[in-house]
$ cat structure-v2.cif   # mmCIF, C-alpha atoms
data_input
#
loop_
_atom_site.label_atom_id
_atom_site.label_comp_id
_atom_site.auth_asym_id
_atom_site.auth_seq_id
_atom_site.Cartn_x
_atom_site.Cartn_y
_atom_site.Cartn_z
CA MET A 1 -16.62 206.05 33.25
CA ALA A 2 -19.11 204.44 35.62
CA GLN A 3 -22.30 206.29 36.37
CA ALA A 4 -24.24 207.03 39.55
CA ALA A 5 -24.11 204.38 42.23
CA GLN A 6 -27.33 202.74 43.28
CA GLN A 7 -28.28 201.64 46.77
CA GLU A 8 -28.25 198.02 45.68
CA ASP A 9 -24.52 198.25 44.91
CA ARG A 10 -22.98 196.37 47.84
CA ASP A 11 -19.37 197.26 47.06
CA LEU A 12 -19.67 200.86 48.23
CA SER A 13 -16.90 200.52 50.78
CA GLY A 14 -14.61 198.90 48.22
CA ALA A 15 -15.25 201.77 45.83
CA LEU A 16 -14.42 204.28 48.55
CA GLU A 17 -11.22 202.49 49.48
CA ARG A 18 -10.11 202.39 45.85
CA GLY A 19 -10.28 206.18 45.73
CA GLU A 20 -13.62 206.58 44.00
CA ILE A 21 -16.16 209.32 44.57
CA VAL A 22 -19.42 207.43 45.07
CA ARG A 23 -22.25 209.47 43.62
CA PHE A 24 -26.04 209.25 43.96
CA SER A 25 -28.17 211.09 41.41
CA ARG A 26 -30.71 211.57 44.19
CA ALA A 27 -29.85 211.44 47.86
CA PRO A 28 -30.36 207.89 49.19
CA ILE A 29 -31.88 209.24 52.41
CA ALA A 30 -34.83 211.46 53.25
CA LEU A 31 -33.73 215.10 53.25
CA PRO A 32 -35.01 217.81 55.59
CA SER A 33 -38.50 219.03 54.71
CA ALA A 34 -38.90 221.75 52.09
CA GLU A 35 -39.67 224.21 54.88
CA ASP A 36 -36.56 223.24 56.83
CA GLN A 37 -34.41 223.46 53.71
CA GLU A 38 -35.67 226.97 53.04
CA PHE A 39 -35.00 227.88 56.66
CA LEU A 40 -31.37 226.76 56.30
CA ARG A 41 -30.91 228.61 53.01
CA THR A 42 -32.50 231.94 54.06
CA ALA A 43 -33.04 232.34 57.80
CA LEU A 44 -29.51 231.62 59.03
CA ALA A 45 -27.64 234.19 56.92
CA PRO A 46 -28.04 237.18 59.31
CA PHE A 47 -26.72 235.14 62.24
CA LEU A 48 -23.62 233.45 60.82
CA ALA A 49 -20.58 233.61 63.09
CA ARG A 50 -18.45 231.15 61.08
CA LYS A 51 -18.29 229.86 57.53
CA ASN A 52 -20.21 226.69 58.52
CA VAL A 53 -23.04 225.92 60.92
CA SER A 54 -21.95 222.68 62.59
CA LEU A 55 -23.49 220.24 65.01
CA TYR A 56 -21.33 217.89 67.08
CA PRO A 57 -23.96 215.15 67.49
CA GLU A 58 -22.20 213.21 70.24
CA ALA A 59 -22.01 216.33 72.43
CA ASP A 60 -25.25 217.85 71.03
CA ARG A 61 -23.35 221.12 70.54
CA LEU A 62 -24.07 223.64 67.77
CA THR A 63 -21.44 226.11 66.54
CA GLY A 64 -21.38 228.83 63.90
CA LEU A 65 -24.43 230.87 64.87
CA GLN A 66 -25.02 233.94 67.00
CA ALA A 67 -28.78 233.79 66.94
CA PRO A 68 -31.91 233.79 69.11
CA ARG A 69 -32.57 230.55 70.92
CA GLY A 70 -35.42 229.53 68.60
CA ILE A 71 -33.24 229.88 65.48
CA LYS A 72 -30.41 227.89 67.02
CA GLU A 73 -32.72 225.15 68.30
CA ARG A 74 -34.38 224.68 64.92
CA ALA A 75 -30.99 224.49 63.17
CA ARG A 76 -29.79 221.99 65.79
CA ARG A 77 -32.90 219.85 65.31
CA ILE A 78 -32.59 219.84 61.50
CA LEU A 79 -28.92 218.88 61.56
CA ALA A 80 -29.44 216.25 64.26
CA GLY A 81 -32.16 214.57 62.22
CA HIS A 82 -30.08 214.66 59.06
CA SER A 83 -27.04 213.26 60.86
CA ALA A 84 -29.08 210.36 62.23
CA ARG A 85 -30.40 209.49 58.77
CA VAL A 86 -26.92 209.62 57.20
CA ARG A 87 -25.49 207.39 59.94
CA ALA A 88 -28.31 204.89 59.53
CA PHE A 89 -27.74 204.73 55.77
CA LEU A 90 -23.98 204.26 56.10
CA ALA A 91 -24.34 201.61 58.80
CA GLY A 92 -26.87 199.70 56.71
CA ALA A 93 -24.99 199.99 53.42
CA MET A 94 -21.48 199.32 54.80
CA PRO A 95 -21.80 197.65 58.23
CA ALA A 96 -18.29 196.19 58.37
CA PHE A 97 -16.61 199.34 57.10
CA THR A 98 -18.46 201.72 59.44
CA ARG A 99 -18.27 199.58 62.58
CA GLY A 100 -16.97 201.70 65.45
CA MET A 101 -16.67 204.86 63.35
CA ARG A 102 -16.53 208.17 65.21
CA VAL A 103 -19.02 210.89 64.39
CA GLY A 104 -17.42 214.23 63.56
CA THR A 105 -19.88 216.94 62.60
CA SER A 106 -23.06 217.46 60.65
CA SER A 107 -22.66 220.82 58.93
CA PHE A 108 -24.55 223.19 56.70
CA ARG A 109 -22.37 225.21 54.34
CA PRO A 110 -24.42 228.32 53.54
CA LEU A 111 -21.91 230.48 51.64
CA GLU A 112 -20.96 230.60 47.98
CA GLU A 113 -17.59 228.86 47.65
CA GLU A 114 -16.36 230.80 44.63
CA GLY A 115 -14.33 233.91 45.34
CA ARG A 116 -14.49 233.87 49.15
CA ASN A 117 -10.94 235.25 49.53
CA LEU A 118 -10.08 233.01 52.49
CA SER A 119 -6.55 232.24 53.61
CA ARG A 120 -4.88 229.55 51.53
CA HIS A 121 -5.03 226.91 54.25
CA ALA A 122 -8.72 227.63 54.96
CA SER A 123 -9.84 227.83 51.33
CA ASN A 124 -12.05 225.09 49.89
CA GLU A 125 -11.23 226.35 46.37
CA LEU A 126 -7.68 224.97 46.44
CA VAL A 127 -7.11 221.27 45.78
CA HIS A 128 -6.08 219.32 48.88
CA VAL A 129 -6.51 216.11 50.81
CA ASP A 130 -8.14 216.42 54.23
CA ALA A 131 -5.89 216.35 57.28
CA GLY A 132 -6.35 217.40 60.87
CA ALA A 133 -9.71 219.13 60.64
CA TYR A 134 -10.92 217.24 63.71
CA GLY A 135 -7.58 216.62 65.38
CA ALA A 136 -5.32 213.63 64.94
CA THR A 137 -6.78 210.55 63.27
CA HIS A 138 -3.66 208.37 63.76
CA GLY A 139 -4.34 206.85 60.34
CA ASP A 140 -8.08 206.36 60.64
CA ARG A 141 -9.97 207.39 57.50
CA ILE A 142 -11.98 210.58 56.97
CA LEU A 143 -15.33 209.76 55.37
CA ARG A 144 -17.57 212.59 54.23
CA PHE A 145 -21.13 212.43 52.93
CA PHE A 146 -22.36 215.46 50.94
CA VAL A 147 -25.76 216.67 49.74
CA ASN A 148 -26.21 219.60 47.35
CA LEU A 149 -29.11 221.44 48.97
CA ASN A 150 -29.19 224.16 46.33
CA PRO A 151 -32.48 223.76 44.41
CA SER A 152 -31.21 225.21 41.13
CA ARG A 153 -27.38 225.17 40.89
CA ASP A 154 -24.75 222.45 40.67
CA ARG A 155 -21.97 222.17 43.23
CA VAL A 156 -18.71 221.94 41.29
CA TRP A 157 -15.54 220.13 42.40
CA ILE A 158 -12.17 219.54 40.85
CA THR A 159 -9.75 216.70 41.61
CA LYS A 160 -6.18 215.88 40.64
CA GLY A 161 -6.25 212.22 41.64
CA THR A 162 -5.77 209.94 44.62
CA PHE A 163 -3.43 210.39 47.55
CA ARG A 164 -1.28 207.51 46.33
CA GLU A 165 -0.89 209.02 42.86
CA LEU A 166 -0.10 212.53 44.09
CA PHE A 167 2.19 211.43 46.91
CA SER A 168 4.21 209.33 44.50
CA GLU A 169 4.68 212.33 42.21
CA HIS A 170 5.17 215.11 44.75
CA ARG A 171 6.55 213.57 47.95
CA LYS A 172 10.10 214.80 47.40
CA ALA A 173 9.01 218.31 46.45
CA ALA A 174 6.82 218.43 49.57
CA GLY A 175 9.72 217.24 51.73
CA ILE A 176 7.85 214.40 53.39
CA GLU A 177 9.64 211.44 54.89
CA VAL A 178 8.45 207.85 54.51
CA GLY A 179 8.91 205.42 57.36
CA ASP A 180 8.09 204.67 60.98
CA LEU A 181 4.86 206.35 62.14
CA ARG A 182 4.81 205.13 65.72
CA PRO A 183 4.22 207.96 68.24
CA ASN A 184 6.67 208.29 71.10
CA ALA A 185 5.70 207.52 74.70
CA ALA A 186 4.80 211.11 75.57
CA GLU A 187 2.55 211.39 72.52
CA ARG A 188 0.79 208.14 73.40
CA ILE A 189 0.04 209.32 76.94
CA PHE A 190 -1.04 212.81 75.89
CA GLY A 191 -3.14 211.50 73.00
CA GLY A 192 -4.91 208.97 75.18
CA ALA A 193 -5.81 211.64 77.74
CA LEU A 194 -7.12 213.96 75.01
CA ARG A 195 -9.24 211.26 73.43
CA ALA A 196 -10.85 210.50 76.78
CA ALA A 197 -11.48 214.18 77.51
CA SER A 198 -12.83 214.85 74.02
CA ARG A 199 -15.90 212.68 74.49
CA PRO A 200 -17.78 215.45 76.36
CA PHE A 201 -15.66 218.23 74.79
CA PRO A 202 -15.11 217.29 71.11
CA MET A 203 -13.17 220.45 70.23
CA LEU A 204 -10.28 219.20 72.38
CA ARG A 205 -9.47 216.71 69.61
CA VAL A 206 -7.76 219.47 67.61
CA LEU A 207 -4.95 219.47 70.20
CA ASP A 208 -4.00 215.87 69.46
CA SER A 209 -1.14 215.03 67.09
CA SER A 210 0.87 212.09 65.76
CA PRO A 211 3.68 211.48 63.24
CA TYR A 212 1.07 210.38 60.70
CA ASP A 213 -1.07 213.47 61.15
CA ARG A 214 1.88 215.84 60.95
CA ARG A 215 2.95 214.34 57.63
CA MET A 216 -0.59 214.51 56.28
CA ARG A 217 -0.91 218.13 57.37
CA ARG A 218 2.41 218.97 55.73
CA PHE A 219 1.21 217.49 52.42
CA HIS A 220 -2.15 219.28 52.73
CA ASN A 221 -0.38 222.60 53.27
CA TRP A 222 2.15 221.97 50.49
CA MET A 223 -0.69 221.39 48.03
CA LYS A 224 -2.41 224.63 48.95
CA ASP A 225 0.81 226.64 49.13
CA THR A 226 2.19 225.53 45.74
CA PRO A 227 0.86 227.54 42.76
CA SER A 228 2.38 225.18 40.19
CA PHE A 229 0.53 222.25 41.74
CA GLN A 230 -2.75 224.15 41.81
CA ALA A 231 -2.25 225.09 38.15
CA SER A 232 -1.65 221.48 37.05
CA PRO A 233 -4.43 219.62 35.18
CA SER A 234 -7.61 218.81 37.09
CA ARG A 235 -10.84 216.96 36.44
CA THR A 236 -14.13 218.79 36.97
CA ILE A 237 -17.12 217.08 38.58
CA SER A 238 -20.57 218.67 38.84
CA PHE A 239 -23.10 217.55 41.43
CA GLU A 240 -26.70 218.36 40.56
CA PRO A 241 -29.30 219.83 42.95
CA PHE A 242 -30.36 217.29 45.62
CA SER A 243 -27.75 214.77 44.52
CA ALA A 244 -25.43 213.20 47.11
CA TRP A 245 -21.91 211.83 47.10
CA MET A 246 -19.44 210.34 49.53
CA VAL A 247 -15.67 210.01 49.49
CA LEU A 248 -12.71 209.28 51.73
CA THR A 249 -11.39 212.83 51.64
CA ASP A 250 -7.98 211.93 53.06
CA GLY A 251 -7.46 209.65 50.05
CA VAL A 252 -8.87 211.71 47.17
CA SER A 253 -7.76 215.22 46.30
CA HIS A 254 -10.55 217.72 45.91
CA ALA A 255 -11.60 221.34 45.91
CA CYS A 256 -15.02 222.97 45.70
CA ILE A 257 -14.76 225.80 43.21
CA ARG A 258 -18.43 226.75 42.93
CA GLY A 259 -21.61 226.12 44.85
CA GLN A 260 -23.77 227.33 47.73
CA HIS A 261 -25.88 225.47 50.30
CA ALA A 262 -24.62 221.97 51.08
CA LEU A 263 -25.00 219.48 53.90
CA VAL A 264 -21.75 217.77 54.89
CA ASP A 265 -21.44 214.94 57.41
CA THR A 266 -18.00 213.84 58.58
CA PHE A 267 -17.00 210.54 60.15
CA VAL A 268 -13.70 208.96 61.19
CA VAL A 269 -13.57 205.28 60.19
CA PRO A 270 -11.14 202.95 62.01
CA LEU A 271 -8.12 202.05 59.89
CA ALA A 272 -8.61 198.44 60.98
CA ASN A 273 -11.89 198.35 59.02
CA CYS A 274 -10.13 198.91 55.70
CA ALA A 275 -9.90 195.88 53.42
CA VAL A 276 -7.75 197.59 50.77
CA ARG A 277 -4.90 198.33 53.16
CA SER A 278 -2.35 199.15 50.45
CA GLU A 279 -4.35 202.23 49.42
CA THR A 280 -4.54 203.78 52.90
CA PRO A 281 -2.49 206.94 53.38
CA PHE A 282 -1.12 205.43 56.62
CA ARG A 283 0.44 202.46 54.83
CA ILE A 284 1.73 204.68 52.03
CA LEU A 285 3.34 207.15 54.44
CA ALA A 286 4.82 204.27 56.44
CA GLY A 287 6.40 202.88 53.27
CA GLU A 288 4.67 199.53 53.73
CA THR A 289 2.94 199.20 50.36
CA GLY A 290 5.74 198.78 47.86
CA SER A 291 5.57 200.80 44.66
CA ALA A 292 3.48 203.96 44.84
CA GLY A 293 2.89 204.07 41.12
CA GLY A 294 0.15 202.82 38.89
CA ALA A 295 -2.94 203.94 40.81
CA GLU A 296 -5.91 205.05 38.78
CA GLN A 297 -7.54 208.44 39.23
CA PRO A 298 -10.72 208.49 41.33
CA ILE A 299 -13.81 207.80 39.27
CA LEU A 300 -17.53 208.34 39.73
CA ARG A 301 -19.82 205.44 40.42
#

$ encode --input "structure-v2.cif" --output "structure tokens"
Amino acid sequence: MAQAAQQEDRDLSGALERGEIVRFSRAPIALPSAEDQEFLRTALAPFLARKNVSLYPEADRLTGLQAPRGIKERARRILAGHSARVRAFLAGAMPAFTRGMRVGTSSFRPLEEEGRNLSRHASNELVHVDAGAYGATHGDRILRFFVNLNPSRDRVWITKGTFRELFSEHRKAAGIEVGDLRPNAAERIFGGALRAASRPFPMLRVLDSSPYDRRMRRFHNWMKDTPSFQASPSRTISFEPFSAWMVLTDGVSHACIRGQHALVDTFVVPLANCAVRSETPFRILAGETGSAGGAEQPILR
């Protein structure tokens, strides 16, 4: 198994597209100051209104806190700075792959993941592939960059393999069709209007839909709703304090079963940027890639 990726590795986008979890033993960017990290870990807890504190950088909008103005402004400033550093790293390391990518959120996850007793579809402890968290992607890829901000405890994931591997095995049980993914005329008009309106109001994106996104959401829900699937063999991956990792979370199954305090930045990468087209969920769902067998499990780099 390959070990931690280094910044000098110039095939980071290829590794992501092949379904690998690209891991850095130390974050390849400057992290918030020690004082700001402690603020995130301790000062926000009394004011949490949601499970995550999230900044929408393009709209400069913070959600997840019911707090005095000074607390909210400091959290916004910390997340905005972190988001800018992550974007600069990704753009420098993978310029062709990240060209034109859309910024989702920069979030701090303050709560312990283990034993949160959330609904099945909201739970991070159940293995899934990401779908629809920020509205329809129409086949564009979901790229997430994580940092374990816990100074003393690992963040622990499990995975059951790539989208291609799992879809090949479970498509029929999940009742998912393969074939034409073109939206109808009404969906194209409605989706275009929503995308325009979502620039100043990013939460409107959750109203968008497409044949691709509905199939992805169905598979996501089937995974979480199926006890036999959740009980099937998994691989465990531990991420040490202050380590970082990135993954195309629509293409690699994952669950976080243990860990507290993480920074998570989400981006939507244009499908057209992908060089390994046969491994994209869009091509697989459209039935355009031939045999769905033979893919390797995701590995660490």

$ resolve_selection --input "structure-v2.cif" --expression "the PyMOL selection byres ((chain A and resi 115) around 12)" --output "PDB file with C-alpha atoms, keeping the file's coordinate frame"
ATOM      1  CA  LEU A 111     -21.910 230.480  51.640  1.00  0.00           C
ATOM      2  CA  GLU A 112     -20.960 230.600  47.980  1.00  0.00           C
ATOM      3  CA  GLU A 113     -17.590 228.860  47.650  1.00  0.00           C
ATOM      4  CA  GLU A 114     -16.360 230.800  44.630  1.00  0.00           C
ATOM      5  CA  ARG A 116     -14.490 233.870  49.150  1.00  0.00           C
ATOM      6  CA  ASN A 117     -10.940 235.250  49.530  1.00  0.00           C
ATOM      7  CA  LEU A 118     -10.080 233.010  52.490  1.00  0.00           C
ATOM      8  CA  SER A 119      -6.550 232.240  53.610  1.00  0.00           C
ATOM      9  CA  SER A 123      -9.840 227.830  51.330  1.00  0.00           C
ATOM     10  CA  ASN A 124     -12.050 225.090  49.890  1.00  0.00           C
ATOM     11  CA  GLU A 125     -11.230 226.350  46.370  1.00  0.00           C
ATOM     12  CA  LEU A 126      -7.680 224.970  46.440  1.00  0.00           C
ATOM     13  CA  CYS A 256     -15.020 222.970  45.700  1.00  0.00           C
ATOM     14  CA  ILE A 257     -14.760 225.800  43.210  1.00  0.00           C
ATOM     15  CA  ARG A 258     -18.430 226.750  42.930  1.00  0.00           C
ATOM     16  CA  GLY A 259     -21.610 226.120  44.850  1.00  0.00           C
ATOM     17  CA  GLN A 260     -23.770 227.330  47.730  1.00  0.00           C
TER      18      GLN A 260
END

$ resolve_selection --input "structure-v2.cif" --expression "the PyMOL selection byres ((chain A and resi 92) around 12)" --output "list in words"
Gln7, Glu8, Arg10, Leu12, Ser13, Pro28, Ile29, Arg85, Val86, Arg87, Ala88, Phe89, Leu90, Ala91, Ala93, Met94, Pro95, Ala96, Phe97, Thr98 and Arg99 of chain A

$ closest_residue --input "structure-v2.cif" --among "A:Ala275, A:Met101, A:Met216, A:Leu263" --to "A:His138" --atoms "all atoms listed in the file"
A:Met216

$ atom_distance --input "structure-v2.cif" --atom1 "atom CA of A:Leu143" --atom2 "atom CA of A:Lys172"
27.1 Å

$ residues_near_point --input "structure-v2.cif" --point "(-31.4, 214.3, 58.9)" --cutoff "12 Å" --atoms "all atoms listed in the file" --output "ChimeraX atom specification"
/A:27-33,36-37,55,57,75-89,106-108,147,263-265

$ write_last_selection --input "structure-v2.cif" --atoms "C-alpha atoms" --output "short mmCIF file (atom, residue, chain, number, x, y, z; two decimals), in the frame of the given file"
data_model
loop_
_atom_site.label_atom_id
_atom_site.label_comp_id
_atom_site.auth_asym_id
_atom_site.auth_seq_id
_atom_site.Cartn_x
_atom_site.Cartn_y
_atom_site.Cartn_z
CA ALA A 27 -29.85 211.44 47.86
CA PRO A 28 -30.36 207.89 49.19
CA ILE A 29 -31.88 209.24 52.41
CA ALA A 30 -34.83 211.46 53.25
CA LEU A 31 -33.73 215.10 53.25
CA PRO A 32 -35.01 217.81 55.59
CA SER A 33 -38.50 219.03 54.71
CA ASP A 36 -36.56 223.24 56.83
CA GLN A 37 -34.41 223.46 53.71
CA LEU A 55 -23.49 220.24 65.01
CA PRO A 57 -23.96 215.15 67.49
CA ALA A 75 -30.99 224.49 63.17
CA ARG A 76 -29.79 221.99 65.79
CA ARG A 77 -32.90 219.85 65.31
CA ILE A 78 -32.59 219.84 61.50
CA LEU A 79 -28.92 218.88 61.56
CA ALA A 80 -29.44 216.25 64.26
CA GLY A 81 -32.16 214.57 62.22
CA HIS A 82 -30.08 214.66 59.06
CA SER A 83 -27.04 213.26 60.86
CA ALA A 84 -29.08 210.36 62.23
CA ARG A 85 -30.40 209.49 58.77
CA VAL A 86 -26.92 209.62 57.20
CA ARG A 87 -25.49 207.39 59.94
CA ALA A 88 -28.31 204.89 59.53
CA PHE A 89 -27.74 204.73 55.77
CA SER A 106 -23.06 217.46 60.65
CA SER A 107 -22.66 220.82 58.93
CA PHE A 108 -24.55 223.19 56.70
CA VAL A 147 -25.76 216.67 49.74
CA LEU A 263 -25.00 219.48 53.90
CA VAL A 264 -21.75 217.77 54.89
CA ASP A 265 -21.44 214.94 57.41
#

$ atom_distance --input "structure-v2.cif" --atom1 "atom CA of A:Asp11" --atom2 "atom CA of A:Val276"
12.2 Å

$ atom_distance --input "structure-v2.cif" --atom1 "atom CA of A:Ala122" --atom2 "atom CA of A:His254"
13.5 Å

$ resolve_selection --input "structure-v2.cif" --expression "the PyMOL selection byres ((chain A and resi 242) around 8)" --output "list in words"
Ser25, Arg26, Ala27, Val147, Asn148, Leu149, Asn150, Pro151, Glu240, Pro241, Ser243 and Ala244 of chain A

$ residues_near_point --input "structure-v2.cif" --point "(-24.7, 232.4, 61.5)" --cutoff "8 Å" --atoms "only C-alpha atoms" --output "PyMOL selection string"
chain A and resi 44-53+64-67

$ residues_around --input "structure-v2.cif" --residues "A:Ala173" --least-positions-apart "5" --cutoff "10 Å" --atoms "all atoms listed in the file" --output "list in words"
Phe167, Phe219, Trp222 and Thr226 of chain A
